[in-house]
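Below is the file input12.pdb, which contains PDB, C-alpha atoms and all ligand atoms.
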```
ATOM      1  CA  MET A   1      57.441  12.544   2.921
ATOM      2  CA  ALA A   2      60.864  12.140   4.397
ATOM      3  CA  ILE A   3      63.022  13.977   6.883
ATOM      4  CA  ARG A   4      66.146  15.325   5.200
ATOM      5  CA  ASN A   5      69.528  15.910   6.724
ATOM      6  CA  VAL A   6      70.183  19.573   7.588
ATOM      7  CA  VAL A   7      73.561  20.757   6.261
ATOM      8  CA  GLN A   8      75.760  22.447   8.860
ATOM      9  CA  VAL A   9      77.880  25.598   8.638
ATOM     10  CA  GLY A  10      81.235  24.913   7.018
ATOM     11  CA  ASP A  11      79.622  23.089   4.118
ATOM     12  CA  ASP A  12      80.126  25.005   0.835
ATOM     13  CA  VAL A  13      76.538  24.398  -0.242
ATOM     14  CA  LEU A  14      75.411  27.029   2.296
ATOM     15  CA  ARG A  15      77.575  29.662   0.569
ATOM     16  CA  LYS A  16      76.334  29.224  -2.998
ATOM     17  CA  LYS A  17      73.798  31.333  -4.854
ATOM     18  CA  CYS A  18      70.758  29.185  -5.622
ATOM     19  CA  PHE A  19      69.203  28.779  -9.078
ATOM     20  CA  GLU A  20      65.654  29.808  -9.914
ATOM     21  CA  VAL A  21      63.061  27.055  -9.999
ATOM     22  CA  THR A  22      61.968  26.680 -13.635
ATOM     23  CA  VAL A  23      60.041  23.403 -13.483
ATOM     24  CA  PHE A  24      57.091  23.039 -11.110
ATOM     25  CA  ASP A  25      56.969  19.263 -11.031
ATOM     26  CA  GLU A  26      56.567  16.331  -8.678
ATOM     27  CA  LYS A  27      60.209  16.617  -7.667
ATOM     28  CA  LEU A  28      59.622  20.185  -6.389
ATOM     29  CA  ALA A  29      56.475  19.045  -4.545
ATOM     30  CA  THR A  30      58.442  16.248  -2.860
ATOM     31  CA  LEU A  31      61.224  18.672  -1.902
ATOM     32  CA  LEU A  32      58.693  21.067  -0.305
ATOM     33  CA  ASP A  33      56.906  18.213   1.487
ATOM     34  CA  ASP A  34      60.214  16.961   2.856
ATOM     35  CA  MET A  35      61.256  20.469   3.920
ATOM     36  CA  LYS A  36      57.961  20.845   5.807
ATOM     37  CA  GLU A  37      58.451  17.570   7.623
ATOM     38  CA  THR A  38      62.078  18.458   8.381
ATOM     39  CA  VAL A  39      61.405  21.980   9.724
ATOM     40  CA  ARG A  40      58.624  20.624  11.977
ATOM     41  CA  LYS A  41      60.777  17.819  13.327
ATOM     42  CA  GLU A  42      63.608  20.281  13.996
ATOM     43  CA  GLU A  43      61.149  22.831  15.456
ATOM     44  CA  GLY A  44      62.485  25.621  13.265
ATOM     45  CA  ALA A  45      60.689  28.732  11.995
ATOM     46  CA  GLY A  46      61.887  28.108   8.466
ATOM     47  CA  LEU A  47      64.147  26.151   6.174
ATOM     48  CA  ALA A  48      65.722  26.921   2.804
ATOM     49  CA  ALA A  49      66.460  24.356   0.078
ATOM     50  CA  PRO A  50      70.271  24.774   0.278
ATOM     51  CA  GLN A  51      70.029  23.670   3.926
ATOM     52  CA  VAL A  52      69.003  20.255   2.634
ATOM     53  CA  GLY A  53      71.650  20.386  -0.078
ATOM     54  CA  ILE A  54      69.455  21.587  -2.954
ATOM     55  CA  LEU A  55      70.603  24.750  -4.763
ATOM     56  CA  ARG A  56      67.141  25.947  -5.751
ATOM     57  CA  ARG A  57      65.275  29.109  -4.749
ATOM     58  CA  ALA A  58      62.667  27.535  -2.467
ATOM     59  CA  VAL A  59      61.983  28.060   1.235
ATOM     60  CA  VAL A  60      59.390  27.059   3.807
ATOM     61  CA  ILE A  61      58.332  29.265   6.724
ATOM     62  CA  ASP A  62      56.465  27.912   9.747
ATOM     63  CA  VAL A  63      55.237  30.721  11.989
ATOM     64  CA  GLU A  64      52.166  31.809  13.981
ATOM     65  CA  GLU A  65      50.601  33.250  10.796
ATOM     66  CA  GLY A  66      50.739  29.840   9.134
ATOM     67  CA  PHE A  67      52.860  27.580   6.980
ATOM     68  CA  PHE A  68      54.203  29.088   3.747
ATOM     69  CA  GLU A  69      56.043  27.681   0.756
ATOM     70  CA  LEU A  70      57.853  30.349  -1.256
ATOM     71  CA  VAL A  71      59.342  29.494  -4.637
ATOM     72  CA  ASN A  72      61.570  32.095  -6.373
ATOM     73  CA  PRO A  73      60.686  34.641  -3.646
ATOM     74  CA  VAL A  74      61.677  38.297  -4.059
ATOM     75  CA  ILE A  75      61.322  41.055  -1.468
ATOM     76  CA  VAL A  76      59.718  43.922  -3.369
ATOM     77  CA  GLU A  77      59.320  46.329  -0.460
ATOM     78  CA  SER A  78      60.722  46.628   3.069
ATOM     79  CA  LYS A  79      59.798  49.053   5.813
ATOM     80  CA  GLY A  80      61.005  49.887   9.291
ATOM     81  CA  GLU A  81      63.521  48.119  11.438
ATOM     82  CA  GLN A  82      63.523  45.540  14.230
ATOM     83  CA  LYS A  83      66.347  44.145  16.296
ATOM     84  CA  GLY A  84      66.093  40.683  17.788
ATOM     85  CA  TRP A  85      67.459  37.204  18.379
ATOM     86  CA  GLU A  86      67.836  34.701  15.578
ATOM     87  CA  GLY A  87      69.031  31.144  15.291
ATOM     88  CA  CYS A  88      69.517  28.739  12.413
ATOM     89  CA  LEU A  89      69.152  24.977  12.012
ATOM     90  CA  SER A  90      72.468  25.053  10.105
ATOM     91  CA  VAL A  91      74.289  26.844  12.950
ATOM     92  CA  ARG A  92      73.540  24.655  15.945
ATOM     93  CA  GLY A  93      73.956  25.855  19.510
ATOM     94  CA  LYS A  94      74.190  29.552  18.739
ATOM     95  CA  ARG A  95      71.986  32.600  18.471
ATOM     96  CA  GLY A  96      72.617  36.175  17.520
ATOM     97  CA  ILE A  97      71.124  39.644  17.424
ATOM     98  CA  VAL A  98      70.238  40.774  13.911
ATOM     99  CA  VAL A  99      68.610  43.936  12.581
ATOM    100  CA  ARG A 100      65.882  43.225   9.997
ATOM    101  CA  PRO A 101      63.055  45.190   8.396
ATOM    102  CA  GLN A 102      59.835  45.324  10.420
ATOM    103  CA  THR A 103      57.684  44.658   7.341
ATOM    104  CA  VAL A 104      58.434  43.029   4.003
ATOM    105  CA  LYS A 105      56.326  42.477   0.917
ATOM    106  CA  VAL A 106      57.258  39.353  -1.014
ATOM    107  CA  GLU A 107      56.347  38.133  -4.480
ATOM    108  CA  TYR A 108      56.762  34.415  -5.052
ATOM    109  CA  PHE A 109      55.341  31.357  -6.755
ATOM    110  CA  ASP A 110      53.508  28.480  -5.139
ATOM    111  CA  ARG A 111      54.368  24.832  -5.855
ATOM    112  CA  THR A 112      52.125  24.807  -8.917
ATOM    113  CA  GLY A 113      53.796  27.872 -10.479
ATOM    114  CA  LYS A 114      51.051  30.327  -9.562
ATOM    115  CA  LYS A 115      52.276  33.849  -8.777
ATOM    116  CA  LYS A 116      51.468  35.120  -5.255
ATOM    117  CA  LYS A 117      52.163  37.961  -2.849
ATOM    118  CA  LEU A 118      52.323  38.292   0.895
ATOM    119  CA  THR A 119      53.103  40.879   3.524
ATOM    120  CA  ALA A 120      55.009  39.745   6.606
ATOM    121  CA  ARG A 121      55.501  41.691   9.820
ATOM    122  CA  GLY A 122      57.506  41.235  13.002
ATOM    123  CA  PHE A 123      58.932  37.745  13.537
ATOM    124  CA  PHE A 124      57.335  36.527  10.294
ATOM    125  CA  ALA A 125      59.262  39.235   8.390
ATOM    126  CA  ARG A 126      62.430  38.237  10.227
ATOM    127  CA  ALA A 127      61.942  34.587   9.207
ATOM    128  CA  VAL A 128      61.322  35.577   5.560
ATOM    129  CA  CYS A 129      64.516  37.699   5.446
ATOM    130  CA  HIS A 130      66.565  34.966   7.138
ATOM    131  CA  GLU A 131      65.391  32.238   4.733
ATOM    132  CA  LEU A 132      65.763  34.401   1.621
ATOM    133  CA  ASP A 133      69.342  35.204   2.654
ATOM    134  CA  HIS A 134      70.083  31.456   2.522
ATOM    135  CA  LEU A 135      69.219  31.487  -1.198
ATOM    136  CA  ASP A 136      72.141  33.866  -1.774
ATOM    137  CA  GLY A 137      74.590  32.038   0.475
ATOM    138  CA  VAL A 138      74.192  34.457   3.388
ATOM    139  CA  LEU A 139      73.946  33.262   7.002
ATOM    140  CA  TYR A 140      72.533  35.334   9.874
ATOM    141  CA  THR A 141      75.947  35.198  11.533
ATOM    142  CA  ASP A 142      77.246  37.387   8.650
ATOM    143  CA  ARG A 143      74.789  40.105   9.657
ATOM    144  CA  ALA A 144      74.630  39.631  13.426
ATOM    145  CA  GLU A 145      75.998  42.309  15.678
ATOM    146  CA  LYS A 146      76.465  39.723  18.399
ATOM    147  CA  VAL A 147      76.516  35.890  18.356
ATOM    148  CA  VAL A 148      76.448  33.868  21.580
ATOM    149  CA  LYS A 149      76.326  30.212  22.564
ATOM    150  CA  ASP A 150      72.798  29.043  23.242
TER     151      ASP A 150
HETATM  152 CO    CO B   1      68.890  29.528   8.711
END
```

Take the structure in the file and give it back as structure tokens.
Ligand code: CO
Amino acid sequence: MAIRNVVQVGDDVLRKKCFEVTVFDEKLATLLDDMKETVRKEEGAGLAAPQVGILRRAVVIDVEEGFFELVNPVIVESKGEQKGWEGCLSVRGKRGIVVRPQTVKVEYFDRTGKKKKLTARGFFARAVCHELDHLDGVLYTDRAEKVVKD
């Protein structure tokens, strides 16, 4: 495993729409391993592949409920609303208030290409929405009603 450099806001790679993962190979496994090591070192709640310069639809989420790797994730259902603070490893020194769904159901693939589902609530749901936005070139600052210096 290796720690990868986290791309910072201003870099075009953060504004691109990512491509679906079509090959579940060793390269994908290495990317996910590296993303895990990187998000833990940076003490983030999640990290998306474009944040390490890879335009593929893969994210990792590291929250109280556990560590999750989501490949080609799609939100199939959202419910409710929550308002709260968010930050991003690609937008250092800032945080903002963002409205997100309270609950989301997600369909995704694991690193071996097996189809899975999960339901996330509260902060977990917030992290899922934040990371999935990255796959479409969206940053939380685009949605925030208020952004302040940390
Ligand atoms: Co982020």

Shell of 8 Å around ligand CO 1 (chain B) (only C-alpha atoms and all ligand atoms), written as a PyMOL selection string: chain A and resi 46-48+51+87-91+130-131+134+139-140

Of the listed residues A:Gln82, A:Asn5, A:Thr38, A:Asn72, that which approaches A:Gly113 most closely, counting only C-alpha atoms: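 Looking only at the distances to A:Gly113, the closest residue turns out to be A:Asn72.
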
Top pick for closest residue to A:Ile61, considering A:Val138, A:Val6, A:Cys18, A:Val128 and counting all atoms listed in the file: A:Val128

Top pick for closest residue to A:Lys105, considering A:Gly84, A:Pro73, A:Gly93, A:Gly137 and counting all atoms listed in the file: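 The closest residue to A:Lys105 is A:Pro73.
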
Nearest candidate to A:Phe123 (options A:Glu145, A:Val99, A:Ala2, A:Asp34; using only C-alpha atoms): A:Val99

Nearest to A:Gly66, chosen from A:Asp136, A:Glu81, A:Ile97, A:Ala120, with all atoms listed in the file counted in the distances: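 Using all atoms listed in the file, A:Gly66 sits closest to A:Ala120.
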
Evaluate the PyMOL selection byres (((chain A and resi 35) around 9) and not hetatm) and report residues as JSON, numbers by chain: {"A": [1, 2, 3, 4, 30, 31, 32, 33, 34, 36, 37, 38, 39, 40, 46, 47, 48, 49, 52, 59, 60]}

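Here the PyMOL selection byres (((chain A and resi 110) around 9) and not hetatm) matches the residues Phe24, Phe68, Glu69, Leu70, Val71, Asn72, Tyr108, Phe109, Arg111, Thr112, Gly113, Lys114, Lys115 and Lys116 of chain A.
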
Could you work out an axis-aligned bounding box for all listed atoms of stretch 2-6 of chain A, with 6 Å added on each of the six sides, and give its centre and edge lengths in Å to one decimal, as lines of an AutoDock Vina configuration file?
```
center_x = 65.5
center_y = 15.9
center_z = 6.0
size_x = 21.3
size_y = 19.4
size_z = 15.2
```

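For A:Glu77, the non-local neighbours within 7 Å, defined as residues at least 2 positions apart in the same chain or in other chains and counting only C-alpha atoms, are Ile75, Lys79, Val104 and Lys105 of chain A.
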
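Minimum atom-to-atom distances from A:Ala29, A:Cys129, A:Ala45, A:Ile54 to A:Val74 were compared using only C-alpha atoms, and the lowest value belongs to A:Cys129.
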